[in-house]
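Engineer: Sharing structure-v9.txt (compact mmCIF, C-alpha atoms) below.
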```txt
# COMPACT_ATOMS: atom_id res chain seq x y z
CA MET A 1 15.56 95.65 -7.29
CA ILE A 2 16.34 94.54 -3.75
CA SER A 3 13.17 96.25 -2.55
CA HIS A 4 11.07 94.49 -5.19
CA VAL A 5 12.52 91.06 -4.39
CA ALA A 6 12.06 91.53 -0.63
CA ALA A 7 8.50 92.78 -1.19
CA PHE A 8 7.66 89.74 -3.30
CA LEU A 9 8.94 87.35 -0.62
CA VAL A 10 7.06 89.14 2.16
CA ALA A 11 3.90 89.25 0.06
CA LEU A 12 4.15 85.54 -0.71
CA LEU A 13 4.47 84.62 2.97
CA PHE A 14 1.77 86.92 4.26
CA LEU A 15 -0.75 86.19 1.50
CA ALA A 16 -0.28 82.45 2.05
CA ALA A 17 -0.67 82.86 5.81
CA GLY A 18 -3.66 85.20 5.62
CA VAL A 19 -5.60 83.25 2.99
CA TRP A 20 -4.98 79.99 4.85
CA LYS A 21 -6.34 81.45 8.09
CA ALA A 22 -9.38 82.83 6.22
CA THR A 23 -10.18 79.46 4.65
CA HIS A 24 -9.23 77.34 7.70
CA PRO A 25 -10.24 79.52 10.66
CA PHE A 26 -10.96 76.62 13.01
CA ASP A 27 -7.60 74.95 12.33
CA PHE A 28 -5.67 78.08 13.25
CA ALA A 29 -7.92 78.70 16.26
CA LYS A 30 -6.90 75.29 17.59
CA LEU A 31 -3.23 76.10 16.98
CA ALA A 32 -3.66 79.42 18.80
CA GLU A 33 -5.09 77.61 21.82
CA GLU A 34 -2.00 75.39 21.88
CA LEU A 35 -0.01 78.64 22.06
CA LEU A 36 -1.92 79.63 25.22
CA VAL A 37 -4.50 81.92 23.58
CA PRO A 38 -7.80 81.61 25.55
CA TYR A 39 -10.35 79.60 23.58
CA GLN A 40 -12.84 82.47 23.91
CA LEU A 41 -10.50 84.62 21.79
CA SER A 42 -8.91 82.09 19.45
CA LEU A 43 -11.47 82.24 16.64
CA ALA A 44 -11.65 86.04 16.71
CA LEU A 45 -7.85 86.12 16.58
CA SER A 46 -7.89 83.77 13.59
CA LEU A 47 -10.21 86.06 11.61
CA THR A 48 -8.37 89.23 12.66
CA LEU A 49 -5.03 87.82 11.55
CA ALA A 50 -6.58 86.53 8.32
CA VAL A 51 -7.58 90.07 7.37
CA SER A 52 -4.40 91.73 8.70
CA GLU A 53 -1.93 89.35 7.08
CA THR A 54 -3.74 89.29 3.74
CA LEU A 55 -3.87 93.09 3.78
CA ALA A 56 -0.16 93.29 4.56
CA GLY A 57 0.62 90.92 1.69
CA VAL A 58 -1.46 92.89 -0.83
CA LEU A 59 -0.18 96.30 0.25
CA VAL A 60 3.48 95.34 0.20
CA LEU A 61 3.06 93.91 -3.29
CA VAL A 62 1.73 97.20 -4.73
CA PRO A 63 4.53 99.85 -4.98
CA ARG A 64 2.36 102.82 -4.00
CA PHE A 65 1.16 100.99 -0.83
CA ARG A 66 4.44 99.22 -0.09
CA ARG A 67 5.51 101.26 2.92
CA TRP A 68 2.15 100.73 4.62
CA GLY A 69 2.33 97.02 3.88
CA ALA A 70 5.88 96.77 5.19
CA LEU A 71 4.93 98.60 8.39
CA LEU A 72 1.92 96.34 8.96
CA ALA A 73 3.91 93.17 8.27
CA GLY A 74 6.72 94.34 10.57
CA ALA A 75 4.28 95.19 13.35
CA LEU A 76 2.61 91.78 13.12
CA LEU A 77 5.98 90.02 13.26
CA LEU A 78 7.16 92.11 16.21
CA VAL A 79 3.99 91.45 18.22
CA PHE A 80 4.26 87.72 17.56
CA MET A 81 7.94 87.62 18.53
CA VAL A 82 7.30 89.55 21.75
CA TYR A 83 4.38 87.26 22.67
CA ILE A 84 6.47 84.12 22.09
CA GLY A 85 9.36 85.65 23.99
CA ILE A 86 7.22 86.44 27.03
CA ASN A 87 5.77 82.90 27.10
CA TYR A 88 8.91 81.14 25.85
CA GLY A 89 9.31 78.86 28.86
CA LYS A 90 5.78 77.46 28.45
CA LEU A 91 5.82 77.30 24.65
CA VAL A 92 9.27 75.90 23.83
CA GLY A 93 8.94 72.89 21.55
CA LYS A 94 5.32 73.61 20.56
CA ASP A 95 4.17 73.91 16.95
CA CYS A 96 4.05 77.55 15.80
CA SER A 97 3.38 77.02 12.09
CA CYS A 98 1.43 80.21 11.55
CA PHE A 99 2.56 80.19 7.92
CA PRO A 100 1.12 77.13 6.11
CA TRP A 101 3.50 74.55 4.67
CA ILE A 102 6.35 75.90 6.81
CA LYS A 103 6.56 73.66 9.86
CA ARG A 104 8.20 75.36 12.81
CA THR A 105 8.45 74.87 16.53
CA VAL A 106 9.15 77.37 19.27
CA GLY A 107 12.87 77.52 19.89
CA PRO A 108 15.94 79.61 19.00
CA GLY A 109 15.32 78.98 15.28
CA PHE A 110 11.91 80.62 15.54
CA PHE A 111 13.40 84.00 16.40
CA ILE A 112 16.02 83.71 13.66
CA GLY A 113 13.35 82.97 11.06
CA ASP A 114 11.05 85.78 12.15
CA ALA A 115 13.98 88.21 12.36
CA GLY A 116 14.77 87.34 8.75
CA MET A 117 11.18 88.05 7.71
CA LEU A 118 11.24 91.30 9.68
CA LEU A 119 14.44 92.35 7.89
CA ALA A 120 12.83 91.56 4.52
CA ALA A 121 9.82 93.73 5.42
CA LEU A 122 12.11 96.61 6.42
CA VAL A 123 14.12 96.29 3.20
CA ALA A 124 10.90 96.23 1.15
CA GLY A 125 9.70 99.47 2.69
CA TRP A 126 13.03 101.29 2.99
CA TRP A 127 13.45 102.18 -0.69
CA ALA A 128 9.73 102.32 -1.48
CA LYS A 129 8.13 105.61 -2.45
CA PRO A 130 5.96 107.35 0.15
CA ALA A 131 2.60 105.57 0.37
CA ARG A 132 -0.48 107.36 -0.95
CA SER A 133 -4.19 106.93 -1.70
CA LEU A 134 -5.59 106.00 1.68
CA ARG A 135 -9.04 105.67 0.14
CA SER A 136 -7.87 102.96 -2.26
CA ALA A 137 -6.19 101.10 0.59
CA ALA A 138 -9.46 101.25 2.53
CA VAL A 139 -11.28 99.72 -0.44
CA ILE A 140 -8.75 96.87 -0.47
CA LEU A 141 -9.27 96.37 3.26
CA GLY A 142 -13.02 96.18 2.73
CA ALA A 143 -12.67 93.63 -0.04
CA ILE A 144 -10.37 91.46 2.09
CA ALA A 145 -12.78 91.66 5.04
CA VAL A 146 -15.62 90.49 2.78
CA PHE A 147 -13.46 87.63 1.51
CA ALA A 148 -12.64 86.58 5.08
CA GLY A 149 -16.31 86.75 6.04
CA VAL A 150 -17.40 84.63 3.08
CA SER A 151 -14.62 82.12 3.76
CA TYR A 152 -15.67 81.87 7.40
CA GLY A 153 -19.27 81.30 6.35
CA ALA A 154 -18.17 78.52 4.00
CA ALA A 155 -16.12 76.90 6.80
CA VAL A 156 -19.15 76.96 9.10
CA ALA A 157 -21.38 75.55 6.35
CA ARG A 158 -19.00 72.61 5.89
CA GLN A 159 -19.62 71.57 9.46
CA THR A 160 -22.28 68.91 9.94
CA GLY A 161 -23.54 66.80 12.80
CA THR A 162 -24.68 67.53 16.33
CA LYS A 163 -23.08 70.59 17.88
CA ALA A 164 -20.93 69.82 20.90
CA PRO A 165 -21.06 71.95 24.06
CA ASP A 166 -18.92 75.06 23.73
CA SER A 167 -16.55 73.90 26.43
CA ILE A 168 -16.14 71.42 29.26
CA THR A 169 -13.76 71.05 32.18
CA VAL A 170 -10.81 68.83 31.35
CA ASP A 171 -8.22 67.99 34.00
CA GLY A 172 -9.59 70.84 36.10
CA SER A 173 -9.43 73.57 33.43
CA PRO A 174 -11.91 74.84 30.79
CA TYR A 175 -11.40 73.23 27.40
CA SER A 176 -13.08 74.27 24.15
CA LEU A 177 -14.75 71.58 22.03
CA GLN A 178 -15.20 73.95 19.10
CA HIS A 179 -11.82 73.53 17.41
CA GLY A 180 -9.76 70.61 16.20
CA ARG A 181 -10.38 66.87 16.36
CA ILE A 182 -11.49 65.28 19.64
CA PHE A 183 -12.35 61.74 20.68
CA LEU A 184 -14.64 61.41 23.70
CA PHE A 185 -14.53 58.00 25.39
CA PHE A 186 -17.28 57.24 27.90
CA TYR A 187 -16.48 54.36 30.27
CA ASP A 188 -17.37 52.74 33.58
CA PRO A 189 -14.21 52.21 35.68
CA THR A 190 -15.70 48.97 37.10
CA CYS A 191 -16.74 47.58 33.68
CA SER A 192 -14.56 44.77 32.28
CA HIS A 193 -15.73 45.55 28.73
CA CYS A 194 -14.63 49.18 29.17
CA ASP A 195 -11.31 47.99 30.57
CA ALA A 196 -10.70 45.76 27.53
CA ALA A 197 -11.72 48.56 25.16
CA ALA A 198 -9.33 51.03 26.79
CA ARG A 199 -6.47 48.52 26.72
CA ALA A 200 -7.08 47.84 23.04
CA MET A 201 -7.19 51.56 22.19
CA SER A 202 -3.97 52.16 24.14
CA LYS A 203 -2.17 50.03 21.52
CA LEU A 204 -3.45 52.09 18.57
CA THR A 205 -1.24 54.70 16.89
CA TRP A 206 -3.26 57.90 17.28
CA LYS A 207 -2.78 60.93 15.05
CA SER A 208 -0.90 63.70 16.86
CA ASP A 209 -3.65 66.29 16.35
CA VAL A 210 -6.35 64.19 18.04
CA LYS A 211 -7.26 65.21 21.58
CA ARG A 212 -8.48 62.23 23.64
CA ILE A 213 -10.80 62.88 26.55
CA ALA A 214 -12.05 60.08 28.82
CA VAL A 215 -15.34 60.57 30.69
CA PRO A 216 -16.27 58.18 33.54
CA THR A 217 -19.99 57.41 33.76
CA ASN A 218 -19.76 56.63 37.48
CA ASP A 219 -17.20 56.25 40.28
CA PRO A 220 -15.14 59.21 39.08
CA GLN A 221 -12.73 58.66 41.97
CA TRP A 222 -11.35 55.68 40.04
CA ALA A 223 -10.77 57.58 36.80
CA ALA A 224 -7.04 58.11 37.25
CA SER A 225 -6.34 54.52 38.28
CA PHE A 226 -8.44 53.20 35.37
CA LEU A 227 -6.37 55.13 32.84
CA LYS A 228 -3.12 54.13 34.52
CA ASP A 229 -4.04 50.44 34.70
CA THR A 230 -5.26 50.24 31.09
CA GLY A 231 -2.44 52.37 29.68
CA TYR A 232 -4.92 54.50 27.75
CA GLN A 233 -3.42 58.00 27.49
CA ALA A 234 -6.19 60.56 27.73
CA SER A 235 -7.27 63.61 29.68
CA THR A 236 -10.20 63.32 32.06
CA SER A 237 -13.48 65.22 32.18
CA LEU A 238 -16.18 64.71 34.78
CA ASP A 239 -18.79 66.68 32.81
CA LEU A 240 -20.87 63.59 32.02
CA LYS A 241 -24.27 65.25 32.32
CA PRO A 242 -23.89 68.05 29.71
CA LEU A 243 -22.12 65.67 27.33
CA LYS A 244 -24.69 62.90 27.63
CA GLU A 245 -27.51 65.36 27.06
CA VAL A 246 -25.98 66.19 23.69
CA PHE A 247 -24.63 62.71 22.86
CA PRO A 248 -27.09 60.24 24.43
CA PHE A 249 -26.06 56.58 24.73
CA GLY A 250 -26.88 53.42 26.68
CA ASP A 251 -24.27 51.42 28.52
CA PRO A 252 -20.58 52.20 28.07
CA PRO A 253 -18.12 51.84 26.47
CA TYR A 254 -19.14 54.47 23.97
CA GLY A 255 -17.27 57.06 21.95
CA VAL A 256 -17.88 60.19 19.91
CA THR A 257 -15.61 61.85 17.38
CA ILE A 258 -15.84 65.65 17.15
CA GLU A 259 -14.34 67.94 14.56
CA ASN A 260 -14.48 71.73 14.93
CA GLY A 261 -17.35 71.55 17.39
CA ARG A 262 -19.53 69.06 15.49
CA GLN A 263 -20.01 65.32 15.93
CA THR A 264 -18.64 63.45 12.94
CA SER A 265 -19.45 59.91 14.05
CA PRO A 266 -20.50 57.81 17.04
CA VAL A 267 -18.07 55.04 17.97
CA ALA A 268 -20.34 52.46 19.57
CA HIS A 269 -18.69 49.09 18.92
CA TYR A 270 -15.70 47.72 20.83
CA GLU A 271 -15.27 44.13 19.71
CA GLY A 272 -13.20 42.43 17.05
CA SER A 273 -11.80 44.96 14.59
CA GLU A 274 -13.72 47.79 16.23
CA PRO A 275 -13.26 50.59 17.10
CA ALA A 276 -9.95 50.56 15.17
CA GLU A 277 -11.65 50.17 11.80
CA THR A 278 -14.00 53.12 12.37
CA LEU A 279 -11.27 55.33 13.83
CA ARG A 280 -8.97 54.54 10.91
CA LYS A 281 -11.66 55.44 8.36
CA LEU A 282 -12.19 58.73 10.16
CA GLY A 283 -8.46 59.44 10.10
CA TYR A 284 -8.05 59.43 13.88
CA ILE A 285 -5.44 56.65 13.95
CA GLU A 286 -2.68 55.48 11.63
```
Once more with this new file: its structure as structure tokens, please.

Structural biologist:
Amino acid sequence: MISHVAAFLVALLFLAAGVWKATHPFDFAKLAEELLVPYQLSLALSLTLAVSETLAGVLVLVPRFRRWGALLAGALLLVFMVYIGINYGKLVGKDCSCFPWIKRTVGPGFFIGDAGMLLAALVAGWWAKPARSLRSAAVILGAIAVFAGVSYGAAVARQTGTKAPDSITVDGSPYSLQHGRIFLFFYDPTCSHCDAAARAMSKLTWKSDVKRIAVPTNDPQWAASFLKDTGYQASTSLDLKPLKEVFPFGDPPYGVTIENGRQTSPVAHYEGSEPAETLRKLGYIE
């Protein structure tokens, strides 16, 4: 009975986590990048974990596959705990909600929670009968891989709008534009209209998952002082040319909202109730 209860709990967690990653691959890829996974690997990691976690959840739920499922779930938990432990100093306080609807941050509580899940996986497999029928397990793996592939295709199909460059340099480091929500703000550091626009946007309450990137159209040496003087909190990119080739515009100020690598809307007006009204409709500000 203890084995069955533990198996059910492990299956519930891993199926929820795996299916969520399969249906929201770009969301998890962005989370992985926040946990220091290189952006070149984040999407592949999302799909790999989607298949692995879903497989672990299914196997641990079926008595004849339970030991295999428990071993796979335990291995995934151990690898994750070791990775967080190695990078603990850089990751402490960051969101690590790899299981949907369970909000967690990196800290002492993270290891306690994962140790509890690891114990449940061990209990589920300890009293289980020896696993058998490798061929049937392979069929399940194939079905899950197909499901993950179809879900990924659906996620890609939902994307519309102009495709953003794969990555740009932000604050001196490569930054992927293919995951998450991003607001690009093009400005001229010597333009009074741009100054007023930045000051107005600095007073807005931005959603926590929105990455703001400011791109000077000229005089990049004044970028840091412009942001400091206006109070607009954003990272800086000097990659104006590749961005303007994809998102052409006239005189600044000008903005572009990007979601999972695709433009969702231009933000061209900066007077009166704009751009707050547009940004609020898009869900970028409160």

Engineer: Restricting the calculation to only C-alpha atoms: of A:Gly85, A:Val106, A:Tyr152, A:Thr217, which residue gets closest to Lys21 in chain A?

Structural biologist: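 Smallest distance to Lys21 in chain A is found for A:Tyr152.
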
Engineer: Name all residues at most 8 Å from Trp68 in chain A (count all atoms listed in the file; drop same-chain ones fewer than 2 positions away) and give them as a list in words.

Structural biologist: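 My list of contacting residues is Ala56, Leu59, Val60, Phe65, Arg66, Ala70, Leu71, Leu72, Gly125 and Ala131 of chain A.
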
Engineer: Using all atoms listed in the file, find the one residue out of A:Pro242, A:Pro63, A:Pro220, A:Gly89 that sits nearest to Leu35 in chain A.

Structural biologist: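 With all atoms listed in the file as the atom set, the closest residue is A:Gly89.
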
Engineer: Quick one: pull the distance between CA of Asn218 in chain A and CA of Leu238 in chain A, Å, one decimal.

Structural biologist: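 If I compute the distance from CA of Asn218 in chain A to CA of Leu238 in chain A, I get 9.2 Å.
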
Engineer: Of the candidates A:Ile285, A:Ala7, A:Leu279, A:Ala22, which shows the shortest atom-to-atom distance to Trp127 in chain A, using only C-alpha atoms?

Structural biologist: A:Ala7

Engineer: Could you give me, as CSV, a per-residue list for range 81-199 of chain A showing, wherever an atom lies at most 7 Å from an atom of range 51-54 of chain A, the closest pair of atoms and their distance in Å to one decimal, using only C-alpha atoms and sorting by chain then residue number from low to high?

Structural biologist:
```
residue,atom,partner,partner_atom,distance
A:Ile144,CA,A:Val51,CA,6.1
A:Ala145,CA,A:Val51,CA,5.9
A:Ala148,CA,A:Val51,CA,6.6
```

Engineer: Given only C-alpha atoms, how would the per-residue table for range 89-172 of chain A near range 8-12 of chain A read, listing every residue at most 9 Å away with its closest atom pair and distance in Å to one decimal, sorted by chain and number, as a Markdown table?

Structural biologist:
```
| residue | atom | partner | partner_atom | distance |
| --- | --- | --- | --- | --- |
| A:Met117 | CA | A:Val10 | CA | 7.0 |
| A:Leu118 | CA | A:Val10 | CA | 8.9 |
| A:Ala120 | CA | A:Val10 | CA | 6.7 |
| A:Ala121 | CA | A:Val10 | CA | 6.3 |
| A:Ala124 | CA | A:Val10 | CA | 8.1 |
```

Engineer: Please measure the separation of CA of Met81 in chain A and CA of Ile112 in chain A, giving the value in Å to one decimal.

Structural biologist: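 Separating CA of Met81 in chain A from CA of Ile112 in chain A is a distance of 10.2 Å.
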
Engineer: What's around Leu243 in chain A at 12 Å? Count only C-alpha atoms, leave out sequence neighbours fewer than 3 positions away in its own chain, and write the answer as a PyMOL selection string.

Structural biologist: chain A and resi 162-169+177+184-186+213-217+237-240+246-249+255-256+258+263

Engineer: Quick one: residues within 10 Å of Gly231 in chain A, only C-alpha atoms counted, chain neighbours fewer than 2 positions away excluded, as a compact mmCIF listing (two decimals) with C-alpha atoms, keeping the file's coordinate frame?

Structural biologist:
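The result, written out as part.txt:
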```txt
# COMPACT_ATOMS: atom_id res chain seq x y z
CA ASP A 195 -11.31 47.99 30.57
CA ALA A 198 -9.33 51.03 26.79
CA ARG A 199 -6.47 48.52 26.72
CA ALA A 200 -7.08 47.84 23.04
CA MET A 201 -7.19 51.56 22.19
CA SER A 202 -3.97 52.16 24.14
CA LYS A 203 -2.17 50.03 21.52
CA SER A 225 -6.34 54.52 38.28
CA PHE A 226 -8.44 53.20 35.37
CA LEU A 227 -6.37 55.13 32.84
CA LYS A 228 -3.12 54.13 34.52
CA ASP A 229 -4.04 50.44 34.70
CA GLN A 233 -3.42 58.00 27.49
CA ALA A 234 -6.19 60.56 27.73
```

Engineer: Hey, which of A:Leu55, A:Ser97, A:Phe80, A:Val123 ends up closest to Phe111 in chain A? Count all atoms listed in the file.

Structural biologist: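 Comparing A:Leu55, A:Ser97, A:Phe80, A:Val123 against Phe111 in chain A, the winner is A:Phe80.
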
Engineer: Pick from A:Gly107, A:Ala50, A:Ser151, A:Lys129: nearest to Asn87 in chain A, with only C-alpha atoms counted?

Structural biologist: A:Gly107

Engineer: Could you tell me how far CA of Lys241 in chain A sits from CA of Leu41 in chain A, in Å to one decimal place?

Structural biologist: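 Result for CA of Leu41 in chain A versus CA of Lys241 in chain A: 26.0 Å, one decimal.
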
Engineer: Padding 5 Å on each side, edges along x, y and z: where is the centre of the box around the listed atoms of range 135-140 of chain A, and how long are its edges in Å to one decimal? Output it as lines of an AutoDock Vina configuration file.

Structural biologist:
```
center_x = -8.7
center_y = 101.3
center_z = 0.1
size_x = 15.1
size_y = 18.8
size_z = 14.8
```

Engineer: For a quick check of understanding, using all atoms listed in the file, which of A:Ala29, A:Ala143, A:Glu34, A:Ala224 has the smallest distance to Thr105 in chain A?

Structural biologist: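 Using all atoms listed in the file, the shortest distance to Thr105 in chain A belongs to A:Glu34.
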
Engineer: Model the absent atoms of range 61-95 of chain A so that N, CA and C atoms are present, and write the result as a PDB file, keeping the file's coordinate frame.

Structural biologist:
```pdb
ATOM      1  N   LEU A  61       2.848  94.316  -1.902  1.00  0.00           N
ATOM      2  CA  LEU A  61       3.060  93.910  -3.290  1.00  0.00           C
ATOM      3  C   LEU A  61       2.865  95.076  -4.260  1.00  0.00           C
ATOM      4  N   VAL A  62       2.030  96.054  -3.868  1.00  0.00           N
ATOM      5  CA  VAL A  62       1.730  97.200  -4.730  1.00  0.00           C
ATOM      6  C   VAL A  62       2.681  98.345  -4.370  1.00  0.00           C
ATOM      7  N   PRO A  63       3.516  98.837  -5.299  1.00  0.00           N
ATOM      8  CA  PRO A  63       4.530  99.850  -4.980  1.00  0.00           C
ATOM      9  C   PRO A  63       3.992 101.079  -4.252  1.00  0.00           C
ATOM     10  N   ARG A  64       2.827 101.589  -4.641  1.00  0.00           N
ATOM     11  CA  ARG A  64       2.360 102.820  -4.000  1.00  0.00           C
ATOM     12  C   ARG A  64       1.833 102.593  -2.580  1.00  0.00           C
ATOM     13  N   PHE A  65       1.607 101.314  -2.192  1.00  0.00           N
ATOM     14  CA  PHE A  65       1.160 100.990  -0.830  1.00  0.00           C
ATOM     15  C   PHE A  65       2.254 100.279  -0.031  1.00  0.00           C
ATOM     16  N   ARG A  66       3.429 100.132  -0.644  1.00  0.00           N
ATOM     17  CA  ARG A  66       4.440  99.220  -0.090  1.00  0.00           C
ATOM     18  C   ARG A  66       4.875  99.594   1.324  1.00  0.00           C
ATOM     19  N   ARG A  67       5.052 100.873   1.582  1.00  0.00           N
ATOM     20  CA  ARG A  67       5.510 101.260   2.920  1.00  0.00           C
ATOM     21  C   ARG A  67       4.475 100.892   3.977  1.00  0.00           C
ATOM     22  N   TRP A  68       3.201 101.107   3.666  1.00  0.00           N
ATOM     23  CA  TRP A  68       2.150 100.730   4.620  1.00  0.00           C
ATOM     24  C   TRP A  68       2.159  99.222   4.846  1.00  0.00           C
ATOM     25  N   GLY A  69       2.294  98.467   3.761  1.00  0.00           N
ATOM     26  CA  GLY A  69       2.330  97.020   3.880  1.00  0.00           C
ATOM     27  C   GLY A  69       3.518  96.533   4.685  1.00  0.00           C
ATOM     28  N   ALA A  70       4.680  97.150   4.449  1.00  0.00           N
ATOM     29  CA  ALA A  70       5.880  96.770   5.190  1.00  0.00           C
ATOM     30  C   ALA A  70       5.736  97.077   6.678  1.00  0.00           C
ATOM     31  N   LEU A  71       5.152  98.239   6.988  1.00  0.00           N
ATOM     32  CA  LEU A  71       4.930  98.600   8.390  1.00  0.00           C
ATOM     33  C   LEU A  71       3.977  97.635   9.073  1.00  0.00           C
ATOM     34  N   LEU A  72       2.891  97.264   8.382  1.00  0.00           N
ATOM     35  CA  LEU A  72       1.920  96.340   8.960  1.00  0.00           C
ATOM     36  C   LEU A  72       2.536  94.957   9.154  1.00  0.00           C
ATOM     37  N   ALA A  73       3.257  94.479   8.153  1.00  0.00           N
ATOM     38  CA  ALA A  73       3.910  93.170   8.270  1.00  0.00           C
ATOM     39  C   ALA A  73       4.923  93.173   9.405  1.00  0.00           C
ATOM     40  N   GLY A  74       5.727  94.245   9.499  1.00  0.00           N
ATOM     41  CA  GLY A  74       6.720  94.340  10.570  1.00  0.00           C
ATOM     42  C   GLY A  74       6.077  94.370  11.944  1.00  0.00           C
ATOM     43  N   ALA A  75       4.969  95.110  12.059  1.00  0.00           N
ATOM     44  CA  ALA A  75       4.280  95.190  13.350  1.00  0.00           C
ATOM     45  C   ALA A  75       3.732  93.827  13.762  1.00  0.00           C
ATOM     46  N   LEU A  76       3.144  93.101  12.817  1.00  0.00           N
ATOM     47  CA  LEU A  76       2.610  91.780  13.120  1.00  0.00           C
ATOM     48  C   LEU A  76       3.725  90.830  13.573  1.00  0.00           C
ATOM     49  N   LEU A  77       4.851  90.873  12.893  1.00  0.00           N
ATOM     50  CA  LEU A  77       5.980  90.020  13.260  1.00  0.00           C
ATOM     51  C   LEU A  77       6.526  90.377  14.640  1.00  0.00           C
ATOM     52  N   LEU A  78       6.644  91.679  14.911  1.00  0.00           N
ATOM     53  CA  LEU A  78       7.160  92.110  16.210  1.00  0.00           C
ATOM     54  C   LEU A  78       6.247  91.663  17.353  1.00  0.00           C
ATOM     55  N   VAL A  79       4.946  91.842  17.171  1.00  0.00           N
ATOM     56  CA  VAL A  79       3.990  91.450  18.220  1.00  0.00           C
ATOM     57  C   VAL A  79       4.087  89.944  18.478  1.00  0.00           C
ATOM     58  N   PHE A  80       4.170  89.167  17.411  1.00  0.00           N
ATOM     59  CA  PHE A  80       4.260  87.720  17.560  1.00  0.00           C
ATOM     60  C   PHE A  80       5.545  87.311  18.268  1.00  0.00           C
ATOM     61  N   MET A  81       6.666  87.943  17.900  1.00  0.00           N
ATOM     62  CA  MET A  81       7.940  87.620  18.530  1.00  0.00           C
ATOM     63  C   MET A  81       7.943  87.983  20.003  1.00  0.00           C
ATOM     64  N   VAL A  82       7.362  89.134  20.342  1.00  0.00           N
ATOM     65  CA  VAL A  82       7.300  89.550  21.750  1.00  0.00           C
ATOM     66  C   VAL A  82       6.427  88.580  22.545  1.00  0.00           C
ATOM     67  N   TYR A  83       5.291  88.180  21.973  1.00  0.00           N
ATOM     68  CA  TYR A  83       4.380  87.260  22.670  1.00  0.00           C
ATOM     69  C   TYR A  83       5.083  85.924  22.938  1.00  0.00           C
ATOM     70  N   ILE A  84       5.755  85.388  21.910  1.00  0.00           N
ATOM     71  CA  ILE A  84       6.470  84.120  22.090  1.00  0.00           C
ATOM     72  C   ILE A  84       7.592  84.280  23.110  1.00  0.00           C
ATOM     73  N   GLY A  85       8.277  85.419  23.048  1.00  0.00           N
ATOM     74  CA  GLY A  85       9.360  85.650  23.990  1.00  0.00           C
ATOM     75  C   GLY A  85       8.888  85.686  25.429  1.00  0.00           C
ATOM     76  N   ILE A  86       7.759  86.351  25.669  1.00  0.00           N
ATOM     77  CA  ILE A  86       7.220  86.440  27.030  1.00  0.00           C
ATOM     78  C   ILE A  86       6.825  85.065  27.558  1.00  0.00           C
ATOM     79  N   ASN A  87       6.264  84.221  26.682  1.00  0.00           N
ATOM     80  CA  ASN A  87       5.770  82.900  27.100  1.00  0.00           C
ATOM     81  C   ASN A  87       6.716  81.774  26.680  1.00  0.00           C
ATOM     82  N   TYR A  88       7.977  82.113  26.419  1.00  0.00           N
ATOM     83  CA  TYR A  88       8.910  81.140  25.850  1.00  0.00           C
ATOM     84  C   TYR A  88       9.037  79.866  26.692  1.00  0.00           C
ATOM     85  N   GLY A  89       9.127  80.020  27.994  1.00  0.00           N
ATOM     86  CA  GLY A  89       9.310  78.860  28.860  1.00  0.00           C
ATOM     87  C   GLY A  89       8.171  77.854  28.749  1.00  0.00           C
ATOM     88  N   LYS A  90       6.944  78.342  28.544  1.00  0.00           N
ATOM     89  CA  LYS A  90       5.780  77.460  28.450  1.00  0.00           C
ATOM     90  C   LYS A  90       5.573  76.926  27.031  1.00  0.00           C
ATOM     91  N   LEU A  91       6.105  77.636  26.040  1.00  0.00           N
ATOM     92  CA  LEU A  91       5.820  77.300  24.650  1.00  0.00           C
ATOM     93  C   LEU A  91       6.944  76.570  23.933  1.00  0.00           C
ATOM     94  N   VAL A  92       8.123  76.495  24.529  1.00  0.00           N
ATOM     95  CA  VAL A  92       9.270  75.900  23.830  1.00  0.00           C
ATOM     96  C   VAL A  92       8.926  74.482  23.382  1.00  0.00           C
ATOM     97  N   GLY A  93       9.208  74.205  22.121  1.00  0.00           N
ATOM     98  CA  GLY A  93       8.940  72.890  21.550  1.00  0.00           C
ATOM     99  C   GLY A  93       7.572  72.743  20.903  1.00  0.00           C
ATOM    100  N   LYS A  94       6.670  73.708  21.117  1.00  0.00           N
ATOM    101  CA  LYS A  94       5.320  73.610  20.560  1.00  0.00           C
ATOM    102  C   LYS A  94       5.304  74.063  19.097  1.00  0.00           C
ATOM    103  N   ASP A  95       4.322  73.548  18.353  1.00  0.00           N
ATOM    104  CA  ASP A  95       4.170  73.910  16.950  1.00  0.00           C
ATOM    105  C   ASP A  95       3.733  75.366  16.848  1.00  0.00           C
TER     106      ASP A  95
END
```
